[in-house]
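Engineer: This is start_1.txt, which holds compact mmCIF, C-alpha atoms:
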# COMPACT_ATOMS: atom_id res chain seq x y z
CA MET A 304 -20.39 -2.69 -4.76
CA PHE A 305 -17.06 -0.89 -4.38
CA ASN A 306 -15.63 -1.37 -0.89
CA PRO A 307 -12.34 0.52 -0.40
CA TYR A 308 -11.34 -1.68 2.55
CA ASP A 309 -11.24 -4.70 0.22
CA ILE A 310 -8.58 -2.93 -1.86
CA VAL A 311 -6.42 -1.17 0.77
CA TYR A 312 -5.44 -3.50 3.60
CA THR A 313 -3.11 -1.42 5.78
CA VAL A 314 -0.62 1.44 5.91
CA LEU A 315 2.99 0.22 5.92
CA ILE A 316 4.88 1.89 8.74
CA THR A 317 8.58 1.26 8.24
CA GLU A 318 11.58 3.49 8.68
CA LYS A 319 11.90 4.03 4.94
CA ALA A 320 8.16 4.66 4.44
CA THR A 321 8.02 7.15 7.32
CA ALA A 322 10.99 9.12 5.95
CA SER A 323 9.39 9.18 2.51
CA ALA A 324 6.09 10.39 3.98
CA GLU A 325 7.74 13.27 5.85
CA LYS A 326 9.95 14.36 2.99
CA PHE A 327 7.96 13.73 -0.20
CA GLN A 328 4.29 13.24 0.85
CA ARG A 329 4.48 9.59 -0.33
CA TYR A 330 2.74 6.90 1.71
CA ALA A 331 3.08 3.11 1.44
CA PHE A 332 0.09 0.78 1.61
CA LYS A 333 -0.38 -2.98 1.47
CA VAL A 334 -3.08 -3.53 -1.16
CA ASN A 335 -5.03 -6.30 -2.85
CA PRO A 336 -2.84 -8.05 -5.47
CA LYS A 337 -5.67 -7.87 -8.04
CA ALA A 338 -6.23 -4.10 -7.66
CA ASN A 339 -4.99 -1.65 -10.29
CA LYS A 340 -3.74 1.93 -9.88
CA ILE A 341 -7.10 3.57 -10.57
CA GLN A 342 -8.89 1.42 -8.00
CA ILE A 343 -6.18 2.11 -5.42
CA ALA A 344 -6.42 5.88 -5.95
CA GLN A 345 -10.22 5.82 -5.62
CA ALA A 346 -10.01 3.70 -2.45
CA ILE A 347 -7.48 6.03 -0.80
CA GLU A 348 -9.64 9.07 -1.57
CA ALA A 349 -12.71 7.25 -0.20
CA ILE A 350 -11.04 6.09 3.04
CA PHE A 351 -9.28 9.36 3.92
CA ASP A 352 -11.45 12.47 3.64
CA GLU A 353 -10.03 15.63 2.01
CA VAL A 354 -7.15 13.70 0.43
CA LYS A 355 -6.38 14.05 -3.26
CA VAL A 356 -4.09 11.45 -4.88
CA ALA A 357 -1.54 12.79 -7.37
CA SER A 358 0.04 9.48 -8.45
CA VAL A 359 0.20 5.79 -7.59
CA ASN A 360 3.15 3.45 -8.08
CA VAL A 361 2.70 -0.27 -7.43
CA MET A 362 5.06 -3.19 -7.02
CA ASN A 363 4.52 -6.91 -6.58
CA CYS A 364 6.50 -8.28 -3.65
CA LEU A 365 7.36 -11.96 -3.58
CA GLY A 366 6.86 -13.92 -0.38
CA LYS A 367 9.95 -15.22 1.36
CA LYS A 368 10.89 -18.88 1.30
CA LYS A 369 10.88 -20.23 4.84
CA ARG A 370 11.74 -23.57 6.35
CA MET A 371 8.71 -25.14 7.99
CA ARG A 372 8.71 -27.31 11.10
CA SER A 373 9.96 -30.24 9.10
CA ALA A 374 12.74 -30.21 6.53
CA LYS A 375 10.32 -29.03 3.81
CA MET A 376 10.52 -25.51 2.44
CA GLY A 377 7.43 -23.34 2.58
CA LYS A 378 6.65 -19.90 1.19
CA ARG A 379 4.91 -16.85 2.54
CA PRO A 380 2.19 -15.43 0.29
CA ASP A 381 2.99 -12.86 -2.41
CA TRP A 382 1.64 -9.35 -1.82
CA LYS A 383 1.36 -5.97 -3.50
CA LYS A 384 2.68 -2.62 -2.27
CA ALA A 385 1.38 0.76 -3.44
CA ILE A 386 3.30 4.03 -3.04
CA VAL A 387 0.77 6.89 -3.12
CA LYS A 388 1.78 10.52 -3.63
CA LEU A 389 -0.65 13.12 -2.35
CA ALA A 390 -1.43 16.34 -4.19
CA GLU A 391 -0.37 19.70 -2.76
CA GLY A 392 -2.59 21.08 -0.02
CA SER A 393 -3.73 17.67 1.20
CA ILE A 394 -3.84 16.64 4.85
CA GLU A 395 -1.41 14.25 6.53
CA LEU A 396 -2.50 10.63 6.70
CA LEU A 397 -0.40 9.65 9.71
Please go through the file and, once you have read it, give me the structure as structure tokens.

Structural biologist:
Amino acid sequence: MFNPYDIVYTVLITEKATASAEKFQRYAFKVNPKANKIQIAQAIEAIFDEVKVASVNVMNCLGKKKRMRSAKMGKRPDWKKAIVKLAEGSIELL
């Protein structure tokens, strides 16, 4: 069955995302890397009541390379970010 919490992990609260939310009604979410735009829009509308999604933009973010405890290089996992624009007349998410 469709579980929206398996698609949308968390809201990204950064300085850039907060400014975008206040100015343009665009919110950033960390989402499942296998999810597509339609699934993300349906999950956002299911999680937040009375919210209508106008558009979804997604980007794949690569994990940083980090030095581990030894001299070997490790890598953080890759993840996916979704920028969701709400339709006019919708409520605030944050």

Engineer: Please list as a PyMOL selection string every residue within 12 Å of Thr313 of chain A, counting only C-alpha atoms and excluding residues in the same chain fewer than 6 positions away.

Structural biologist: chain A and resi 307+330-335+346-347+350+382-385

Engineer: Quick check, in Å to one decimal: how far apart do atom CA of Gly377 of chain A and atom CA of Cys364 of chain A lie?

Structural biologist: 16.3 Å

Engineer: Excluding Lys367 of chain A and its own-chain neighbours fewer than 5 positions away, which residues fall within 9 Å of it when counting all atoms listed in the file? Please give them as a list of chain:residue names.

Structural biologist: A:Gly377, A:Lys378, A:Arg379, A:Pro380, A:Asp381

Engineer: So how far away is atom CA of Ile343 of chain A from atom CA of Ala357 of chain A, in Å?

Structural biologist: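 Computed distance, atom CA of Ala357 of chain A to atom CA of Ile343 of chain A, equals 11.8 Å.
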
Engineer: Nearest residue to Phe305 of chain A out of A:Met376, A:Ala324, A:Ala349, A:Ile386, using all atoms listed in the file?

Structural biologist: A:Ala349

Engineer: With all atoms listed in the file as the atoms that count, which of A:Glu391, A:Ser373, A:Lys337, A:Val314 lies nearest to Phe351 of chain A?

Structural biologist: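 Of A:Glu391, A:Ser373, A:Lys337, A:Val314, the one nearest Phe351 of chain A, counting all atoms listed in the file, is A:Val314.
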
Engineer: When you draw a straight line from atom CA of Pro336 of chain A to atom CA of Val354 of chain A, how long is it in Å?

Structural biologist: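 So the two atoms, atom CA of Pro336 of chain A and atom CA of Val354 of chain A, lie 22.9 Å apart.
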
Engineer: At a cut-off of 12 Å around the point (9.1, 4.4, 5.9) (file coordinates), what residues fall inside when counting all atoms listed in the file? I'd like the answer as a list in words.

Structural biologist: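 Those residues, ordered by chain and then number, are Val314, Leu315, Ile316, Thr317, Glu318, Lys319, Ala320, Thr321, Ala322, Ser323, Ala324, Glu325, Lys326, Phe327, Gln328, Arg329, Tyr330, Ala331, Phe332, Ile386 and Leu397 of chain A.
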
Engineer: Would you give the centre and edge lengths, in Å to one decimal, of a box along x, y and z around the listed atoms of segment 312-316 of chain A, with 8 Å added to each side, as AutoDock Vina command-line options?

Structural biologist:
--center_x -0.3 --center_y -0.8 --center_z 6.2 --size_x 26.3 --size_y 21.4 --size_z 21.1

Engineer: I'd like the neighbourhood of Val356 of chain A as a list in words, where a residue qualifies if any of its atoms comes within 9 Å (using all atoms listed in the file), though same-chain residues fewer than 5 positions away should be ignored.

Structural biologist: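 Non-adjacent residues within range: Ala344, Gln345, Ile347, Glu348, Val387, Lys388, Leu389, Ala390 and Ser393 of chain A.
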